[in-house]
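Visitor: Encoded as structure tokens, here's the structure I'll be asking about.
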Amino acid sequence: MQQADSNITLITSDAPIAGHTHGGRAKCLQRLVRLDLPVPRTVALSFDTVHRIAAGNMPDMNALIGQLGDSALLCVRPSSEDPDWGGPRAILNIGMTDAARDALAPRIGAKAAAKLYLRFVQSYAIHVARLDADTLDDVSDDPEEGLAEALAAYEDETEEQFPQDPAVQLAEVLRSMARAWEGTTARLLRQAKGAPADAGLGLVVQEMVIGLGRGECGSGVLQLVNSQTGQRQMTGRYLSQSQGRDALSTGADALYLERDPRGPSLEELAPEAFAQLKDHTALMRTKLREEMQAEFTIDNGKLYLLDGVRVARNARAAVSIAVALAEDGIIPREEALMRIEPRALNELLHRQVDPDAPRDLLASGIAASPGAATGHIVFTATAAQAAAARGEACVLVRRETSSEDIRGMHAAVAVLTERGGMTSHAAVIGRGIGLPCVVGASKLRFQMGKRKLIAPDGRVLSEGDDVTIDGTNGQVLFGKAHLLDAGIDDSFRVLMDWADDVRDLAVRANADTPADALVARNFKAQGIGLCRTEHMFFDEARMTVMREMIFANSSADRAAALDLLLPMQRADFAELFRIMQGQPVCIRLFDPPLHEFLPSDRAGHRELAEALDLPLSVVTRRVEALSEYNPMLGMRGVRLGITVPEIYDMQTRAIFEAMLDARGEGDPIVPEIMIPLVSASREVELVKTRIDAIANAVRSETGQDFTYRLGVMVETPRAALRAADIAPQVSFLSFGTNDLTQMTYGLSRDDAGRFMSEYVQQGVYPEDPFHSLDIDGVGELLRIGAERGRGARTDLVLSICGEHGGNPESIAFCRAAGFDYVSCSPFRVPVARLAAAQLAV
Ligand code: PEP
Ligand code: MG
């Protein structure tokens, strides 16, 4: 046998094949060969070889074919380093010529041989010669006639006879696959899946087991787990007299795998092959340390394994599979933890449409990214960002998405596109960020210019109308469907327990309401790291009292309004303390500018005047007096606490009294009180003096003793720089990186969306700093604050409570900077727990 090229290697147990030189498929096939599994002869072409082929440097085809013995037909499949990066589609039946057809006819029948040849001509013409699919697809149903027509069409289009030399066919297939990989679209798609720009492609050339002929012949796939749940359940498809992925195409008349009263099964038709197949798949799991899908062909009852591929799985199944592998002793627990991308948990954690609720279906598309969400439709990324800045849930509707839409996708609760498939941009990005997404909804008419969507039944939706996107089932529903919270199973809980066993960074939740706190507890947050108390004032009744307080003319009037708010806040806090059962609860004193609680238009002013029984002019004047040019840098946070101290007094009293109420019923509680927007240590001194006075008053009124912890939220650069002055007065510092990012960049967190995509695209910022902590700038302030704070007080507790607290990269930074905990929104708690665990493994 002639050795063609050291980069063109027959796959044997000891051939020099590695994932980074020949790709994952070649490496996996070698593993199967080493396990002595019945793999047809296969030759692997290295990345280098394929790269040279793309450049026009073709190796000796006859030598290559020579390595494969005298097999009649060949197939070529891609072998990228990471199978998830994809690659050009496989081409089967290479070597099919007039002569090969004649040779096959006696074995499989003339019609079957013609059909095989026709399929090859079509796939070669479309994917190799790049002819228009229409010219080749529209042929007679009779295979022999169809073949003649297809060959004629080929000749017509190319002005050449269909190649009759297998070596020529193979060379052309290899060249076309190699070039396809180097094309721009393919490169962008794989880069979106995380591949480096220079990722290589290997190819494997395998002898065909054709799956047609006498006795039981056919092909299929089999796996031992369910791809949706990860539970042990044999799934797959098998089709007699078929090859490649025929069995997977919808409409194919697949057989049952196991014996089944409803119809014939592979188990009955080829019992021995079936038993081997099950054993081989189980062996792959143990030896390859991964749940594998077997791609197989049966030839006259004999089994061949063409390939083993990692079972496709959603996040839920990924968790179950990893946990089961660890529980079976196949991989260590730490590896199970490392196998789950923390962000992927979002998929498990997302809401779904209630299966029992009514669905008003507008149209279906491809279920590209699971989870469900409701929002009003917008047609541009900019509109999505504007909606998000207003705190509104929106669904981004595009014909298809591109990198300019990414910011808009982040801002939307779901995405809907007219075009695309499972690997289109919207689908890839949607899955990446856990955003419910339906693509390819081409039954809807997308009138982008008029900003309308027209359903097949004639209903017209305009910008602003509500829809629900069910990314799990690929449906677009009219209006707001009833959604169910995420489905979490035992494997998830087990994995999370393992994560908790290894991690050394605590995770708390940002929770403002009892509902948030319940979610936080459910996800095993170790306390509340940030309760934004102003969120407790948004209901109508409280808003009115709040407004009375704001409009009070005298300290006495203000005190009267605050007396009404006190029992409400006390009840809020007591509820949080009860839910958290003795875990730390960190309550931030009132933060926003007061005018946020006032109406902004004339009608609102009039209503308020009526409610408060005041002349309209008084209301208007007061609202004007409270308005600021830069409210986010104005009278808010501790500045309000110092200038209108009664608000903090009321809140502090409510916290202490609530704590005594809740403590009486059970767990000991040490409340944490946090001062927002500090920039000078004197602010802390002033507030602390009043809090201490209130603590003493409550102690003497109730005759009960208690302690509390005071902390400062580091949200201004100056607070970070002066941490050494502040730290001695407090027991903790919590970095509010939302405001700190805003103030460090001088970048409005509410307006930056307008130009953020432009900035990221032009590489001004590597990423949106409000999503991923700016390590170089804001991170530097965190480091300085942490060092100076701890320098002044060694037992100072450090944490982060901005949005970055749930971002895996930012969590890594915080751990390295010696933080004690991160606090993030409740649904991100599991992501943070796993991310923290991976850092400790
Ligand atoms: C922050 O600024 O980081 C923070 C957590 O507070 P808020 O988002 O409420 O301003
Ligand atoms: Mg803030």
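Chain labels A, B, ... are given in the sequence in which chains occur in the structure tokens; within each chain residues are numbered consecutively from 1, and ligands are likewise numbered from 1 in the order shown.
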Select from chain A every residue with an atom at most 12 Å from any atom of ligand 2, then for each give the shortest pair of atoms and their distance in Å to one decimal, using only C-alpha atoms and all ligand atoms, rows by chain and rising number, as a tab-separated table.
Guide:
```
residue	atom	partner	partner_atom_place_in_ligand_line	distance
A:Leu530	CA	ligand 2	1 (Mg)	10.4
A:Cys531	CA	ligand 2	1 (Mg)	11.5
A:Arg532	CA	ligand 2	1 (Mg)	9.3
A:Glu534	CA	ligand 2	1 (Mg)	11.8
A:Arg588	CA	ligand 2	1 (Mg)	10.0
A:Leu589	CA	ligand 2	1 (Mg)	11.3
A:Phe590	CA	ligand 2	1 (Mg)	10.8
A:Asp591	CA	ligand 2	1 (Mg)	7.6
A:Pro592	CA	ligand 2	1 (Mg)	8.7
A:Pro593	CA	ligand 2	1 (Mg)	11.6
A:Met632	CA	ligand 2	1 (Mg)	9.2
A:Leu633	CA	ligand 2	1 (Mg)	10.9
A:Arg636	CA	ligand 2	1 (Mg)	10.1
A:Gly637	CA	ligand 2	1 (Mg)	8.5
A:Val638	CA	ligand 2	1 (Mg)	11.2
A:Met674	CA	ligand 2	1 (Mg)	11.5
A:Ile675	CA	ligand 2	1 (Mg)	10.4
A:Pro676	CA	ligand 2	1 (Mg)	6.9
A:Leu677	CA	ligand 2	1 (Mg)	6.7
A:Val678	CA	ligand 2	1 (Mg)	10.2
A:Val712	CA	ligand 2	1 (Mg)	11.4
A:Met713	CA	ligand 2	1 (Mg)	8.0
A:Val714	CA	ligand 2	1 (Mg)	8.6
A:Glu715	CA	ligand 2	1 (Mg)	6.1
A:Thr716	CA	ligand 2	1 (Mg)	9.1
A:Ser734	CA	ligand 2	1 (Mg)	10.6
A:Phe735	CA	ligand 2	1 (Mg)	9.0
A:Gly736	CA	ligand 2	1 (Mg)	5.4
A:Thr737	CA	ligand 2	1 (Mg)	7.4
A:Asn738	CA	ligand 2	1 (Mg)	5.8
A:Asp739	CA	ligand 2	1 (Mg)	4.6
A:Leu740	CA	ligand 2	1 (Mg)	7.5
A:Thr741	CA	ligand 2	1 (Mg)	9.7
A:Gln742	CA	ligand 2	1 (Mg)	9.3
A:Met743	CA	ligand 2	1 (Mg)	10.2
A:Arg749	CA	ligand 2	1 (Mg)	10.3
A:Ile800	CA	ligand 2	1 (Mg)	11.3
A:Cys801	CA	ligand 2	1 (Mg)	9.0
A:Gly802	CA	ligand 2	1 (Mg)	7.4
A:Glu803	CA	ligand 2	1 (Mg)	10.1
```
Visitor: Please list as an MDAnalysis selection string every residue within 8 Å of stretch 407-418 of chain A, counting only C-alpha atoms and excluding residues in the same chain fewer than 2 positions away.
Guide: chainID A and resid 372:375 380:385 387:388 393:401 404:405 420 426 430 433 435:442 444:446 469 753 756:757
Visitor: Restricting the calculation to only C-alpha atoms: of A:Phe732, A:Tyr759, A:Tyr629, A:Phe706, which residue gets closest to A:Asp820?
Guide: A:Phe732
Visitor: Would you work out the distance separating atom CA of A:Ala105 from atom CA of A:Ser140, expressed in Å to one decimal?
Guide: 19.7 Å
Visitor: Using Å and a single decimal, report how far atom CA of A:Thr643 sits from atom CA of A:Lys688.
Guide: 14.3 Å
Visitor: With a distance cut-off of 10 Å and only C-alpha atoms, select the neighbouring residues of A:Arg359, excluding the residue or stretch itself and same-chain residues fewer than 5 positions from it, and output the selection as a PyMOL selection string.
Guide: chain A and resi 353-354+468+475-482
Visitor: Write the residues of the preceding selection, restricted to N, CA and C atoms, as a compact mmCIF listing (two decimals), in the first residue's frame.
Guide:
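Listed below is the output, selection13.txt:
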```
# COMPACT_ATOMS: atom_id res chain seq x y z
N VAL A 353 -44.10 28.76 28.41
CA VAL A 353 -45.54 28.97 28.30
C VAL A 353 -46.25 27.81 29.01
N ASP A 354 -47.23 28.14 29.84
CA ASP A 354 -48.01 27.14 30.56
C ASP A 354 -48.66 26.20 29.54
N THR A 468 -46.26 36.87 22.52
CA THR A 468 -45.48 35.99 23.37
C THR A 468 -44.65 35.11 22.45
N GLN A 475 -43.19 28.90 18.62
CA GLN A 475 -44.47 29.54 18.30
C GLN A 475 -44.49 31.02 18.64
N VAL A 476 -45.25 31.74 17.81
CA VAL A 476 -45.50 33.15 18.08
C VAL A 476 -46.97 33.26 18.47
N LEU A 477 -47.21 33.74 19.68
CA LEU A 477 -48.58 33.78 20.19
C LEU A 477 -49.05 35.22 20.30
N PHE A 478 -50.32 35.43 20.05
CA PHE A 478 -50.89 36.76 20.16
C PHE A 478 -51.06 37.09 21.64
N GLY A 479 -50.70 38.30 22.03
CA GLY A 479 -50.95 38.77 23.40
C GLY A 479 -50.04 38.14 24.43
N LYS A 480 -50.52 38.23 25.67
CA LYS A 480 -49.71 37.75 26.79
C LYS A 480 -50.17 36.36 27.21
N ALA A 481 -49.40 35.37 26.89
CA ALA A 481 -49.76 34.00 27.29
C ALA A 481 -49.37 33.80 28.75
N HIS A 482 -50.01 32.84 29.38
CA HIS A 482 -49.66 32.56 30.78
C HIS A 482 -48.35 31.80 30.83
```
Visitor: Using only C-alpha atoms, which protein or nucleic acid residues come within 9 Å of A:Lys111? Drop anything in the same chain fewer than 6 positions from it, and give the result as an MDAnalysis selection string.
Guide: chainID A and resid 105 142:144
Visitor: Got time to write the residues from that selection, N, CA and C atoms, as a PDB file, in the first residue's frame?
Guide:
```
ATOM      1  N   ALA A 105     -26.300  -2.780  -9.645  1.00  0.00           N
ATOM      2  CA  ALA A 105     -27.666  -3.164  -9.998  1.00  0.00           C
ATOM      3  C   ALA A 105     -28.013  -4.616  -9.653  1.00  0.00           C
ATOM      4  N   ASP A 142     -39.567   8.689 -11.329  1.00  0.00           N
ATOM      5  CA  ASP A 142     -38.971   7.395 -11.640  1.00  0.00           C
ATOM      6  C   ASP A 142     -37.448   7.551 -11.631  1.00  0.00           C
ATOM      7  N   PRO A 143     -36.727   6.757 -10.796  1.00  0.00           N
ATOM      8  CA  PRO A 143     -35.299   7.003 -10.622  1.00  0.00           C
ATOM      9  C   PRO A 143     -34.495   6.894 -11.915  1.00  0.00           C
ATOM     10  N   GLU A 144     -34.865   5.955 -12.767  1.00  0.00           N
ATOM     11  CA  GLU A 144     -34.055   5.788 -13.979  1.00  0.00           C
ATOM     12  C   GLU A 144     -34.243   6.976 -14.919  1.00  0.00           C
TER      13      GLU A 144
END
```
Visitor: When distances are computed from only C-alpha atoms and all ligand atoms, which of A:Asp768, A:Asp512, A:Glu607, A:Glu258 shows the smallest separation from ligand 1?
Guide: A:Asp512
Visitor: Within 12 Å of A:Gly329, counting only C-alpha atoms, which residues show up once you throw out same-chain ones fewer than 4 positions away? Write them as a ChimeraX atom specification, please.
Guide: /A:285-287,289,322-325,333-336
Visitor: Emit the selected residues as a CSV table (one decimal), in the first residue's frame, including C-alpha atoms.
Guide:
```
chain,number,residue,atom,x,y,z
A,285,ARG,CA,-20.2,6.3,27.1
A,286,THR,CA,-17.9,4.6,29.6
A,287,LYS,CA,-14.7,4.8,27.5
A,289,ARG,CA,-16.5,9.5,29.1
A,322,ALA,CA,-22.9,15.4,33.5
A,323,VAL,CA,-24.4,14.4,36.9
A,324,ALA,CA,-25.2,10.9,35.8
A,325,LEU,CA,-21.6,10.4,34.4
A,333,ARG,CA,-17.7,15.6,40.2
A,334,GLU,CA,-15.3,18.5,39.5
A,335,GLU,CA,-15.4,17.6,35.9
A,336,ALA,CA,-19.1,17.4,35.9
```
Visitor: Taking 6 positions as the minimum chain separation for residues in the same chain, which residues sit within 8 Å of A:Ala792 when counting only C-alpha atoms? Answer as a PDB file with N, CA and C atoms, in the first residue's frame.
Guide:
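Dumped everything to part-v3.pdb:
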```
ATOM      1  N   ALA A 724     -10.245  54.048  52.754  1.00  0.00           N
ATOM      2  CA  ALA A 724      -9.531  53.956  54.035  1.00  0.00           C
ATOM      3  C   ALA A 724     -10.174  54.857  55.090  1.00  0.00           C
ATOM      4  N   ASP A 725     -10.759  55.984  54.676  1.00  0.00           N
ATOM      5  CA  ASP A 725     -11.443  56.863  55.649  1.00  0.00           C
ATOM      6  C   ASP A 725     -12.784  56.259  56.058  1.00  0.00           C
ATOM      7  N   ALA A 727     -13.863  52.954  55.780  1.00  0.00           N
ATOM      8  CA  ALA A 727     -13.900  51.593  56.345  1.00  0.00           C
ATOM      9  C   ALA A 727     -13.969  51.532  57.872  1.00  0.00           C
ATOM     10  N   PRO A 728     -13.222  52.359  58.606  1.00  0.00           N
ATOM     11  CA  PRO A 728     -13.273  52.209  60.061  1.00  0.00           C
ATOM     12  C   PRO A 728     -14.676  52.408  60.649  1.00  0.00           C
TER      13      PRO A 728
END
```
Visitor: Just the residues within 8 Å of stretch 505-508 of chain A, please, counting only C-alpha atoms, with nothing from its chain fewer than 4 positions along; format it as a list in words.
Guide: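 Listing them by chain and then by number gives Ala520, Ala525, Gln526, Gly527, Ile528, Gly529, Arg815, Phe819, Asp820, Tyr821, Val822, Ser823, Cys824, Val829, Ala832, Arg833 and Ala836 of chain A.
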Visitor: If DSSP is run on the backbone, what residues of stretch 588-837 of chain A are helix (DSSP H, G or I)? A reply as number ranges by chain would be ideal.
Guide: A: 594-597, 602-612, 616-626, 631-633, 638-643, 645-665, 681-702, 717-721, 723-729, 737-745, 753-761, 778-792, 803-806, 808-816, 826-837
Visitor: Between A:Glu172, A:Ala840, A:Asp156, A:Ser825, which residue has the minimum interatomic distance to ligand 1, considering only C-alpha atoms and all ligand atoms?
Guide: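 The shortest atom-to-atom distance to ligand 1 comes from A:Ser825.
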